[in-house]
>>> print(open('work.csv').read())   # CSV, C-alpha atoms and all ligand atoms
chain,number,residue,atom,x,y,z
X,1,MET,CA,107.6,106.9,89.2
X,2,ARG,CA,104.2,105.5,88.6
X,3,GLN,CA,101.3,107.1,90.6
X,4,THR,CA,98.1,105.2,91.1
X,5,PRO,CA,94.7,106.5,92.3
X,6,LEU,CA,94.0,105.2,95.8
X,7,GLY,CA,90.6,103.6,95.8
X,8,GLN,CA,88.0,106.2,95.3
X,9,THR,CA,89.6,108.7,97.7
X,10,GLY,CA,91.0,111.2,95.2
X,11,LEU,CA,94.5,110.5,96.7
X,12,THR,CA,97.3,109.1,94.5
X,13,LEU,CA,99.9,106.7,95.7
X,14,PRO,CA,103.4,106.5,94.3
X,15,ALA,CA,104.7,102.9,93.6
X,16,LEU,CA,107.1,103.2,96.5
X,17,VAL,CA,106.0,103.7,100.1
X,18,HIS,CA,108.7,104.3,102.6
X,19,GLY,CA,108.6,102.3,105.8
X,20,THR,CA,109.6,104.4,108.9
X,21,SER,CA,110.3,101.9,111.7
X,22,CYS,CA,114.0,103.0,111.6
X,23,LEU,CA,112.9,106.5,112.7
X,24,GLY,CA,111.6,104.8,115.8
X,25,ASN,CA,115.0,103.1,116.4
X,26,LEU,CA,114.0,99.5,115.3
X,27,TYR,CA,116.8,97.3,116.6
X,28,GLU,CA,119.4,100.2,116.8
X,29,LEU,CA,119.6,103.8,117.8
X,30,VAL,CA,119.7,106.0,114.7
X,31,GLU,CA,121.1,109.5,115.1
X,32,ASP,CA,118.7,112.4,114.5
X,33,GLU,CA,121.1,113.7,111.7
X,34,THR,CA,120.7,110.4,109.9
X,35,LYS,CA,117.0,110.5,110.3
X,36,LEU,CA,116.9,113.9,108.8
X,37,ALA,CA,119.1,112.7,105.9
X,38,ILE,CA,116.7,109.8,105.2
X,39,VAL,CA,113.7,112.1,105.1
X,40,ARG,CA,115.6,114.5,102.8
X,41,GLN,CA,116.4,111.6,100.5
X,42,TRP,CA,112.8,110.6,100.2
X,43,PHE,CA,112.0,113.9,98.6
X,44,ALA,CA,115.3,114.2,96.7
X,45,CYS,CA,114.7,110.8,95.0
X,46,ALA,CA,111.0,111.5,94.2
X,47,ASP,CA,110.0,113.0,90.8
X,48,GLU,CA,109.9,116.8,90.8
X,49,GLY,CA,107.0,118.0,93.0
X,50,ALA,CA,105.5,114.4,93.2
X,51,ALA,CA,103.9,113.1,96.4
X,52,VAL,CA,106.0,110.9,98.7
X,53,ALA,CA,104.3,108.1,100.6
X,54,LEU,CA,105.2,107.1,104.2
X,55,ASP,CA,104.0,104.3,106.4
X,56,THR,CA,104.3,104.7,110.1
X,57,ALA,CA,102.7,103.6,113.4
X,58,GLY,CA,102.4,104.8,117.0
X,59,LYS,CA,104.1,101.6,117.9
X,60,TYR,CA,107.3,102.5,116.1
X,61,GLY,CA,109.5,103.5,119.0
X,62,ALA,CA,106.4,104.4,121.1
X,63,GLY,CA,105.6,107.4,118.9
X,64,LEU,CA,109.2,108.3,118.2
X,65,ALA,CA,108.9,107.6,114.5
X,66,ILE,CA,105.9,109.8,113.9
X,67,GLU,CA,107.5,112.6,116.0
X,68,LYS,CA,110.7,112.5,113.9
X,69,ILE,CA,108.7,112.5,110.7
X,70,GLY,CA,106.9,115.7,111.7
X,71,GLU,CA,110.1,117.3,113.0
X,72,SER,CA,112.1,116.5,109.8
X,73,LEU,CA,109.3,117.6,107.4
X,74,ARG,CA,109.1,120.9,109.2
X,75,ARG,CA,112.9,121.4,109.2
X,76,LEU,CA,113.0,120.7,105.4
X,77,GLU,CA,109.9,122.9,104.9
X,78,ILE,CA,108.1,120.2,102.9
X,79,ASP,CA,104.8,121.2,101.4
X,80,PRO,CA,102.1,119.1,103.2
X,81,GLU,CA,100.5,118.5,99.8
X,82,ARG,CA,103.5,116.4,98.9
X,83,VAL,CA,103.1,114.0,101.8
X,84,VAL,CA,100.9,110.9,101.8
X,85,LEU,CA,101.1,109.5,105.3
X,86,SER,CA,99.7,106.3,106.6
X,87,ASN,CA,99.4,105.8,110.4
X,88,LYS,CA,98.7,102.4,111.9
X,89,LEU,CA,96.7,102.9,115.1
X,90,GLY,CA,96.4,100.7,118.2
X,91,TRP,CA,99.4,101.6,120.4
X,92,PHE,CA,99.4,104.6,122.7
X,93,ARG,CA,102.5,106.3,124.1
X,94,THR,CA,102.7,106.2,127.9
X,95,PRO,CA,105.4,107.4,130.3
X,96,LEU,CA,108.3,105.0,130.8
X,97,THR,CA,108.3,104.0,134.5
X,98,THR,CA,110.5,100.9,134.2
X,99,PRO,CA,114.2,100.6,133.1
X,100,GLU,CA,113.0,99.1,129.8
X,101,PRO,CA,109.8,99.6,127.8
X,102,THR,CA,107.3,96.9,128.5
X,103,PHE,CA,106.2,96.3,124.9
X,104,GLU,CA,108.2,94.3,122.3
X,105,ARG,CA,111.2,94.0,124.6
X,106,GLY,CA,114.6,94.2,122.9
X,107,VAL,CA,113.0,95.5,119.6
X,108,TRP,CA,113.2,99.3,120.1
X,109,ALA,CA,116.5,100.9,121.0
X,110,GLY,CA,117.1,103.8,123.3
X,111,ILE,CA,113.4,105.0,123.5
X,112,GLU,CA,112.2,107.2,126.3
X,113,HIS,CA,108.6,106.2,126.4
X,114,ASP,CA,106.5,103.1,126.8
X,115,ALA,CA,103.4,102.2,124.9
X,116,GLU,CA,100.2,100.3,125.6
X,117,GLN,CA,97.7,98.7,123.2
X,118,ARG,CA,94.5,100.6,122.9
X,119,LEU,CA,91.8,99.3,120.6
X,120,GLY,CA,88.0,99.6,120.5
X,121,TYR,CA,86.2,102.8,119.4
X,122,GLN,CA,87.7,105.2,122.0
X,123,GLY,CA,91.1,103.5,122.1
X,124,VAL,CA,91.6,104.0,118.3
X,125,LEU,CA,90.4,107.6,118.5
X,126,ASP,CA,92.9,108.2,121.3
X,127,CYS,CA,95.7,106.8,119.1
X,128,TRP,CA,94.6,108.9,116.2
X,129,GLU,CA,94.7,112.1,118.2
X,130,GLN,CA,98.0,111.3,119.9
X,131,GLY,CA,99.5,110.5,116.5
X,132,ASN,CA,98.3,113.8,115.1
X,133,ASN,CA,99.8,115.7,118.1
X,134,LEU,CA,103.1,113.9,117.8
X,135,LEU,CA,103.3,114.6,114.1
X,136,GLY,CA,102.3,118.2,114.5
X,137,ALA,CA,100.9,120.8,112.1
X,138,PRO,CA,100.7,121.3,109.2
X,139,TYR,CA,100.9,117.6,108.5
X,140,ARG,CA,98.2,115.0,109.0
X,141,PRO,CA,97.9,111.3,108.1
X,142,GLN,CA,95.4,110.7,105.4
X,143,LEU,CA,95.6,106.9,105.6
X,144,VAL,CA,94.5,105.1,108.7
X,145,SER,CA,94.3,101.5,109.8
X,146,ILE,CA,94.4,99.2,112.8
X,147,HIS,CA,97.9,98.0,113.5
X,148,ASP,CA,98.5,94.2,113.2
X,149,PRO,CA,95.0,92.9,113.9
X,150,ASP,CA,96.4,89.5,112.9
X,151,GLU,CA,98.8,89.4,115.9
X,152,HIS,CA,96.0,90.6,118.2
X,153,LEU,CA,93.6,87.8,117.1
X,154,ALA,CA,96.4,85.2,117.1
X,155,GLY,CA,97.1,86.0,120.7
X,156,ALA,CA,93.6,85.0,121.8
X,157,GLY,CA,93.5,81.9,124.0
X,158,SER,CA,90.1,80.7,123.0
X,159,LYS,CA,87.3,81.1,120.4
X,160,THR,CA,85.4,83.4,122.8
X,161,GLN,CA,88.4,85.6,123.4
X,162,ARG,CA,89.1,85.8,119.6
X,163,ASP,CA,85.5,86.9,119.1
X,164,ASP,CA,85.9,89.6,121.7
X,165,ARG,CA,89.1,90.8,120.2
X,166,LEU,CA,87.6,90.8,116.7
X,167,GLY,CA,84.8,92.9,118.2
X,168,GLU,CA,87.4,95.4,119.6
X,169,VAL,CA,89.1,95.6,116.2
X,170,LEU,CA,85.7,96.2,114.4
X,171,GLU,CA,84.8,98.9,117.0
X,172,GLY,CA,88.1,100.5,116.1
X,173,TYR,CA,87.0,100.4,112.4
X,174,ARG,CA,83.7,102.1,113.3
X,175,ALA,CA,85.8,105.0,114.6
X,176,LEU,CA,87.9,105.1,111.5
X,177,GLY,CA,84.8,105.0,109.3
X,178,GLU,CA,83.5,108.1,111.2
X,179,LEU,CA,86.8,109.9,110.8
X,180,ARG,CA,86.6,109.3,107.0
X,181,ALA,CA,83.0,110.3,106.8
X,182,ALA,CA,83.9,113.6,108.6
X,183,GLY,CA,86.7,114.2,106.2
X,184,GLU,CA,89.3,114.0,109.0
X,185,ALA,CA,91.0,111.0,107.4
X,186,ARG,CA,90.8,110.1,103.8
X,187,ALA,CA,91.4,106.4,103.4
X,188,VAL,CA,90.8,103.4,105.7
X,189,GLY,CA,92.8,100.2,105.3
X,190,VAL,CA,94.2,97.1,106.9
X,191,GLY,CA,97.8,95.8,107.1
X,192,ALA,CA,98.6,92.3,108.2
X,193,LYS,CA,101.2,89.6,107.8
X,194,ASP,CA,98.5,87.0,107.8
X,195,TRP,CA,96.5,87.8,104.7
X,196,ARG,CA,93.6,85.7,105.8
X,197,VAL,CA,93.0,88.1,108.6
X,198,ALA,CA,93.1,91.0,106.1
X,199,ARG,CA,90.4,89.1,104.1
X,200,GLU,CA,88.3,88.6,107.2
X,201,ILE,CA,88.4,92.4,107.9
X,202,ALA,CA,87.9,93.2,104.2
X,203,GLU,CA,84.7,91.2,104.3
X,204,ARG,CA,83.3,93.2,107.2
X,205,VAL,CA,84.7,96.7,106.7
X,206,ASP,CA,84.4,99.1,103.8
X,207,LEU,CA,88.2,99.5,103.0
X,208,ASP,CA,90.0,101.7,100.6
X,209,TRP,CA,93.3,99.8,100.7
X,210,VAL,CA,95.0,96.7,102.0
X,211,MET,CA,98.6,96.3,102.9
X,212,LEU,CA,99.9,92.7,102.6
X,213,ALA,CA,103.1,91.8,104.5
X,214,ASN,CA,105.4,88.8,104.0
X,215,SER,CA,102.6,87.2,101.9
X,216,LEU,CA,102.7,87.9,98.2
X,217,THR,CA,106.4,87.5,97.4
X,218,ILE,CA,108.5,85.9,94.7
X,219,HIS,CA,109.0,83.1,97.2
X,220,ARG,CA,105.4,82.6,98.2
X,221,HIS,CA,102.3,83.5,96.1
X,222,PRO,CA,99.5,81.0,96.7
X,223,SER,CA,96.6,81.0,94.3
X,224,GLU,CA,94.1,81.6,97.1
X,225,LEU,CA,95.9,84.9,97.9
X,226,LEU,CA,95.9,85.8,94.2
X,227,ALA,CA,92.1,85.2,94.2
X,228,PHE,CA,91.7,87.5,97.2
X,229,VAL,CA,93.7,90.2,95.4
X,230,ASP,CA,91.4,89.8,92.4
X,231,GLU,CA,88.4,90.3,94.7
X,232,LEU,CA,89.9,93.5,96.1
X,233,VAL,CA,90.6,94.7,92.5
X,234,ALA,CA,86.9,94.1,91.7
X,235,LYS,CA,85.9,96.2,94.7
X,236,GLY,CA,88.2,99.0,93.7
X,237,VAL,CA,90.4,98.4,96.8
X,238,THR,CA,94.1,99.4,96.3
X,239,ILE,CA,96.8,97.0,97.4
X,240,ILE,CA,100.2,97.9,98.9
X,241,ASN,CA,102.6,95.0,99.1
X,242,SER,CA,105.2,95.0,101.9
X,243,ALA,CA,108.0,92.9,103.4
X,244,VAL,CA,108.6,91.7,99.8
X,245,PHE,CA,111.9,90.2,100.8
X,246,ASN,CA,110.1,88.2,103.6
X,247,ALA,CA,112.0,90.4,106.1
X,248,GLY,CA,115.3,90.2,104.2
X,249,PHE,CA,115.9,86.5,103.8
X,250,LEU,CA,115.2,86.4,100.1
X,251,VAL,CA,118.0,88.8,99.4
X,252,GLY,CA,120.5,87.2,101.7
X,253,GLY,CA,119.4,88.4,105.2
X,254,ARG,CA,119.1,86.4,108.3
X,255,TYR,CA,115.4,86.9,109.0
X,256,TYR,CA,112.6,85.1,107.3
X,257,ASP,CA,109.2,86.5,108.3
X,258,TYR,CA,110.9,88.0,111.4
X,259,ARG,CA,112.4,84.8,112.7
X,260,VAL,CA,115.8,83.3,112.1
X,261,PRO,CA,115.6,80.0,110.2
X,262,SER,CA,118.3,77.4,110.5
X,263,LYS,CA,120.0,75.1,108.0
X,264,GLU,CA,120.0,72.4,110.7
X,265,VAL,CA,116.2,72.4,111.0
X,266,GLU,CA,114.5,70.0,108.6
X,267,ALA,CA,111.5,72.3,108.1
X,268,ASP,CA,113.7,75.2,107.1
X,269,LYS,CA,115.8,73.3,104.5
X,270,PRO,CA,113.5,74.1,101.6
X,271,LEU,CA,113.9,77.8,102.4
X,272,PHE,CA,117.7,77.7,102.0
X,273,ALA,CA,117.4,75.5,98.9
X,274,TRP,CA,114.9,78.0,97.3
X,275,ARG,CA,117.2,80.9,98.0
X,276,GLU,CA,120.2,79.2,96.5
X,277,LYS,CA,118.3,78.5,93.3
X,278,PHE,CA,116.9,82.0,93.2
X,279,LEU,CA,120.3,83.7,93.7
X,280,THR,CA,122.0,81.5,91.1
X,281,LEU,CA,119.2,82.3,88.6
X,282,CYS,CA,119.7,86.0,89.3
X,283,ARG,CA,123.5,85.7,88.7
X,284,GLU,CA,122.9,83.8,85.5
X,285,HIS,CA,120.5,86.4,84.2
X,286,ASP,CA,122.4,89.4,85.6
X,287,VAL,CA,119.3,90.5,87.6
X,288,GLU,CA,119.7,92.1,91.0
X,289,PRO,CA,117.8,89.8,93.5
X,290,SER,CA,116.2,92.9,95.2
X,291,VAL,CA,114.9,94.0,91.8
X,292,ALA,CA,113.5,90.6,91.1
X,293,CYS,CA,111.6,90.7,94.5
X,294,VAL,CA,110.3,94.2,93.9
X,295,ARG,CA,109.2,93.6,90.3
X,296,PHE,CA,107.5,90.4,91.3
X,297,ALA,CA,105.7,92.1,94.2
X,298,LEU,CA,104.4,94.8,91.9
X,299,SER,CA,103.3,92.4,89.2
X,300,PRO,CA,99.7,91.5,90.2
X,301,PRO,CA,97.1,93.9,88.8
X,302,GLY,CA,95.8,95.9,91.7
X,303,VAL,CA,99.1,96.2,93.5
X,304,ALA,CA,99.8,99.9,93.4
X,305,ALA,CA,102.9,100.1,95.5
X,306,VAL,CA,105.6,98.3,97.5
X,307,ALA,CA,106.6,99.4,101.0
X,308,MET,CA,110.3,99.3,101.8
X,309,ASN,CA,112.3,100.3,104.8
X,310,THR,CA,115.1,102.8,104.8
X,311,SER,CA,117.6,102.6,107.6
X,312,ARG,CA,120.5,104.2,105.6
X,313,PRO,CA,120.0,107.4,103.6
X,314,GLU,CA,121.9,105.9,100.6
X,315,ARG,CA,119.4,103.0,100.5
X,316,VAL,CA,116.6,105.3,99.5
X,317,GLY,CA,118.0,105.8,96.0
X,318,GLU,CA,118.5,102.0,95.6
X,319,ASN,CA,115.0,101.3,96.7
X,320,THR,CA,113.7,103.9,94.2
X,321,ALA,CA,115.8,102.4,91.4
X,322,ALA,CA,114.5,98.9,92.3
X,323,VAL,CA,110.9,100.1,91.8
X,324,GLU,CA,111.8,101.6,88.4
X,325,ALA,CA,114.0,98.8,87.2
X,326,ASP,CA,112.8,95.8,85.2
X,327,ALA,CA,113.8,92.2,84.6
X,328,PRO,CA,113.5,90.6,81.1
X,329,ASP,CA,110.9,88.0,80.2
X,330,SER,CA,113.6,85.5,79.7
X,331,PHE,CA,114.3,85.8,83.5
X,332,TRP,CA,110.7,85.2,84.4
X,333,ARG,CA,110.4,82.3,82.0
X,334,ALA,CA,113.5,80.7,83.5
X,335,ALA,CA,112.3,81.3,87.0
X,336,LYS,CA,109.1,79.4,86.2
X,337,GLN,CA,111.0,76.6,84.6
X,338,ALA,CA,113.3,76.3,87.6
X,339,GLY,CA,110.4,76.3,90.0
X,340,VAL,CA,111.6,79.5,91.6
X,341,ILE,CA,108.2,80.9,91.0
X,342,ASP,CA,105.0,78.9,90.4
X,343,ALA,CA,104.8,77.9,86.8
X,344,ALA,CA,101.1,78.7,86.8
X,345,TYR,CA,101.7,82.3,88.1
X,346,PRO,CA,99.6,84.3,85.7
X,347,TYR,CA,101.3,87.6,85.4
X,348,LEU,CA,105.0,87.5,84.5
X,349,ALA,CA,105.9,86.0,81.1
X,350,PRO,CA,102.6,84.0,81.2
X,351,THR,CA,102.4,80.8,79.2
X,352,PRO,CA,100.4,81.8,76.1
X,353,ALA,CA,96.9,80.3,76.1
X,354,PRO,CA,96.5,77.7,73.5
X,355,SER,CA,95.2,79.2,70.2
X,356,PRO,CA,91.7,78.2,69.1
X,357,ARG,CA,93.3,76.4,66.1
X,358,LYS,CA,95.4,74.3,68.3
X,359,MET,CA,92.4,73.4,70.5
X,360,ARG,CA,90.5,72.1,67.5
X,361,CYS,CA,93.3,69.8,66.4
X,401,LIG,N1,101.5,94.9,109.6
X,401,LIG,C1,101.9,95.6,108.6
X,401,LIG,O1,101.2,96.4,108.1
X,401,LIG,C2,103.3,95.5,108.2
X,401,LIG,C3,103.9,96.4,107.4
X,401,LIG,N2,105.2,96.3,107.0
X,401,LIG,C4,105.6,97.4,106.1
X,401,LIG,O2,106.6,96.9,105.2
X,401,LIG,C5,107.8,97.6,105.3
X,401,LIG,C6,109.0,96.8,105.0
X,401,LIG,O3,109.1,95.7,105.8
X,401,LIG,P1,110.5,95.0,106.3
X,401,LIG,O4,110.2,94.4,107.7
X,401,LIG,O5,111.6,96.0,106.2
X,401,LIG,O6,110.7,93.8,105.4
X,401,LIG,P2,111.4,93.5,104.0
X,401,LIG,O7,110.9,92.2,103.5
X,401,LIG,O8,111.3,94.7,103.1
X,401,LIG,O9,112.9,93.3,104.4
X,401,LIG,C7,113.8,94.3,104.8
X,401,LIG,C8,115.2,93.8,105.0
X,401,LIG,O10,115.7,93.3,103.8
X,401,LIG,C9,117.0,93.7,103.6
X,401,LIG,N3,117.1,94.5,102.4
X,401,LIG,C10,116.3,95.5,102.0
X,401,LIG,N4,116.7,96.0,100.8
X,401,LIG,C11,117.7,95.3,100.4
X,401,LIG,C12,118.6,95.3,99.3
X,401,LIG,N5,118.4,96.2,98.3
X,401,LIG,N6,119.6,94.5,99.2
X,401,LIG,C13,119.8,93.6,100.2
X,401,LIG,N7,119.1,93.5,101.3
X,401,LIG,C14,118.0,94.4,101.4
X,401,LIG,C15,117.4,94.4,104.8
X,401,LIG,O11,118.1,93.5,105.6
X,401,LIG,C16,116.1,94.8,105.5
X,401,LIG,O12,116.3,94.9,106.9
X,401,LIG,C17,107.7,98.2,106.7
X,401,LIG,O13,108.5,99.3,106.9
X,401,LIG,C18,106.3,98.5,106.8
X,401,LIG,O14,106.0,99.7,106.2
X,401,LIG,C19,105.9,95.3,107.3
X,401,LIG,C20,105.5,94.3,108.1
X,401,LIG,C21,104.1,94.3,108.7
X,402,LIG,C1,109.4,96.6,110.0
X,402,LIG,C2,108.3,95.9,110.6
X,402,LIG,N1,108.5,94.7,111.2
X,402,LIG,C3,107.5,94.1,111.8
X,402,LIG,C4,106.3,94.6,111.8
X,402,LIG,C5,106.0,95.8,111.3
X,402,LIG,C6,107.1,96.5,110.6
X,402,LIG,O1,106.8,97.7,110.1
X,402,LIG,C7,104.7,96.1,111.5
X,402,LIG,O2,104.1,97.1,111.1
X,402,LIG,O3,104.1,95.1,112.1
X,402,LIG,C8,105.0,94.1,112.4
>>> encode(input="work.csv", output="structure tokens")
Amino acid sequence: MRQTPLGQTGLTLPALVHGTSCLGNLYELVEDETKLAIVRQWFACADEGAAVALDTAGKYGAGLAIEKIGESLRRLEIDPERVVLSNKLGWFRTPLTTPEPTFERGVWAGIEHDAEQRLGYQGVLDCWEQGNNLLGAPYRPQLVSIHDPDEHLAGAGSKTQRDDRLGEVLEGYRALGELRAAGEARAVGVGAKDWRVAREIAERVDLDWVMLANSLTIHRHPSELLAFVDELVAKGVTIINSAVFNAGFLVGGRYYDYRVPSKEVEADKPLFAWREKFLTLCREHDVEPSVACVRFALSPPGVAAVAMNTSRPERVGENTAAVEADAPDSFWRAAKQAGVIDAAYPYLAPTPAPSPRKMRC
């Protein structure tokens, strides 16, 4: 699998980053044996001795995911040099004092802790330390970011409150910059579903990487976002592309950007029409829809990796294969002709520029 240098950090990033929300029991309780099998598969499916990249967060099951990562890595005696770990900071584990956790109700199954949001300089340092303790030696996250700043900013009720919240986020980044300067963390980044917020942060913070979610997909790839990606490339910032199935909908799932669209709702109709056209095209060209989504997501220069979730051990191999598979030019040309992807999309089977001779005529 392709490995790409991560910014100027000296770290390298494989083209597949494993999401770990399932280790925190996202939507369903997953047995510890299954979690261990998933972690084993990450390493079994990687190239011999190659680094394996993981993306986690203190919010995933109120710290359960990061705890299980540490436990499993130790049980499998994985060399810490082989682990590239990203921890998204901003949620701090607290004791559970109510029948159900108070954050993201109904999202995390069977968890025994609660979590509270902590941002600002000290809040982010608290989350960093707690994450390190939950993970445990000899492992340590090298990539750090503030978790979902877009959601935090979108939740503000007024311009003043948004400014205050942005201040908290930027104070958090001051802490992350210090961790990096001290050599405690290696790479600072931002992950967001709203890429405009990622851009807002990238304008104010010296970042090594950006994780886009739900944004740069085969279904949606606005030219303004491609221009932002170009800016990041020019600055040497590495891009990780995630939620490349728009949360599953593109490959037949129920969720689109984490909500359930309906065929009965006028505004959602184009989504279903797009999907039908896409899936038909895939059948005609004998291309797996998931492969088309993943190859598209990796196509802009500067995108080093895609992040994909693994809730079943046998999926790990499929995800690895999807990153390594390819789709023919004829498929991409047909996708542009059919309007499945933007005809002006510059990267896959681009329309050749007119030759100078033709331009003279
Ligand atoms: N704020 C941030 O930084 C965010 C980061 N992420 C990252 O992206 C990762 C992936 O996000 P997801 O929510 O899982 O979105 P996704 O777009 O990858 O969709 C996942 C869903 O697609 C379906 N699926 C996956 N592979 C399939 C296949 N081969 N065939 C058929 N269906 C398939 C499954 O239903 C699965 O639940 C996360 O684990 C996380 O690392 C995601 C959202 C936000
Ligand atoms: C799987 C998944 N779903 C939703 C979200 C995330 C995630 O990893 C995340 O990090 O922020 C929102």
>>> residues_near_ligand(input="work.csv", ligand="ligand LIG 401 (chain X)", cutoff="6 Å", atoms="all atoms listed in the file", output="list in words")
Gly19, Thr20, Ser21, Asp55, Asp148, Gly191, Ala192, Lys193, Met211, Ala213, Ser242, Ala243, Val244, Phe245, Asn246, Ala247, Gly248, Val251, Gly253, Ser290, Ala307, Met308 and Asn309 of chain X
>>> atom_distance(input="work.csv", atom1="atom CA of Gly106 of chain X", atom2="atom CA of Arg254 of chain X")
17.2 Å
>>> residues_around(input="work.csv", residues="Leu250 of chain X", least_positions_apart="2", cutoff="12 Å", atoms="only C-alpha atoms", output="PyMOL selection string")
chain X and resi 214+217-220+243-248+252-257+261+271-279+282+288-294+340
>>> residues_around(input="work.csv", residues="Gly110 of chain X", least_positions_apart="3", cutoff="8 Å", atoms="only C-alpha atoms", output="PyMOL selection string")
chain X and resi 25+28-29
>>> atom_distance(input="work.csv", atom1="atom CA of Ala53 of chain X", atom2="atom CA of Val260 of chain X")
29.7 Å
>>> closest_residue(input="work.csv", among="X:Asp208, X:Glu184, X:Glu104, X:Glu318", to="ligand LIG 402 (chain X)", atoms="all atoms listed in the file")
X:Glu104
>>> closest_residue(input="work.csv", among="X:Gly157, X:Pro222, X:Gly302, X:Pro95", to="Trp209 of chain X", atoms="all atoms listed in the file")
X:Gly302
>>> closest_residue(input="work.csv", among="X:Pro328, X:Gly49, X:Gly183, X:Gly90", to="ligand LIG 402 (chain X)", atoms="all atoms listed in the file")
X:Gly90
>>> atom_distance(input="work.csv", atom1="atom CA of Ala115 of chain X", atom2="atom CA of Ala62 of chain X")
5.3 Å
>>> residues_near_point(input="work.csv", point="(86.4, 107.0, 111.5)", cutoff="9 Å", atoms="all atoms listed in the file", output="PyMOL selection string")
chain X and resi 121+125+144+172-185+188
>>> closest_residue(input="work.csv", among="X:Ala50, X:Leu216, X:Val233, X:Val107", to="ligand LIG 402 (chain X)", atoms="all atoms listed in the file")
X:Val107
>>> residues_near_point(input="work.csv", point="(94.0, 105.8, 119.8)", cutoff="10 Å", atoms="all atoms listed in the file", output="number ranges by chain")
X: 58, 88-93, 117-131, 146, 172, 175
>>> residues_around(input="work.csv", residues="Gly7 of chain X", least_positions_apart="3", cutoff="8 Å", atoms="only C-alpha atoms", output="ChimeraX atom specification")
/X:10-11,208-209,236-238
>>> closest_residue(input="work.csv", among="X:Ala297, X:Cys22, X:Ile69, X:Ala234", to="ligand LIG 402 (chain X)", atoms="only C-alpha atoms and all ligand atoms")
X:Cys22
>>> closest_residue(input="work.csv", among="X:Leu348, X:Leu23, X:Leu16, X:Ile78", to="ligand LIG 402 (chain X)", atoms="only C-alpha atoms and all ligand atoms")
X:Leu23
>>> residues_around(input="work.csv", residues="Glu314 of chain X", least_positions_apart="5", cutoff="10 Å", atoms="all atoms listed in the file", output="VMD selection string")
chain X and resid 37 to 38 41 319
>>> residues_around(input="work.csv", residues="segment 137-141 of chain X", least_positions_apart="6", cutoff="9 Å", atoms="all atoms listed in the file", output="VMD selection string")
chain X and resid 70 73 to 74 79 to 81 83 to 87 131 184 to 186
>>> write_last_selection(input="work.csv", atoms="C-alpha atoms", output="JSON list (two decimals), keeping the file's coordinate frame")
[["chain", "number", "residue", "atom", "x", "y", "z"],
["X", 70, "GLY", "CA", 106.90, 115.70, 111.70],
["X", 73, "LEU", "CA", 109.30, 117.60, 107.40],
["X", 74, "ARG", "CA", 109.10, 120.90, 109.20],
["X", 79, "ASP", "CA", 104.80, 121.20, 101.40],
["X", 80, "PRO", "CA", 102.10, 119.10, 103.20],
["X", 81, "GLU", "CA", 100.50, 118.50, 99.80],
["X", 83, "VAL", "CA", 103.10, 114.00, 101.80],
["X", 84, "VAL", "CA", 100.90, 110.90, 101.80],
["X", 85, "LEU", "CA", 101.10, 109.50, 105.30],
["X", 86, "SER", "CA", 99.70, 106.30, 106.60],
["X", 87, "ASN", "CA", 99.40, 105.80, 110.40],
["X", 131, "GLY", "CA", 99.50, 110.50, 116.50],
["X", 184, "GLU", "CA", 89.30, 114.00, 109.00],
["X", 185, "ALA", "CA", 91.00, 111.00, 107.40],
["X", 186, "ARG", "CA", 90.80, 110.10, 103.80]]
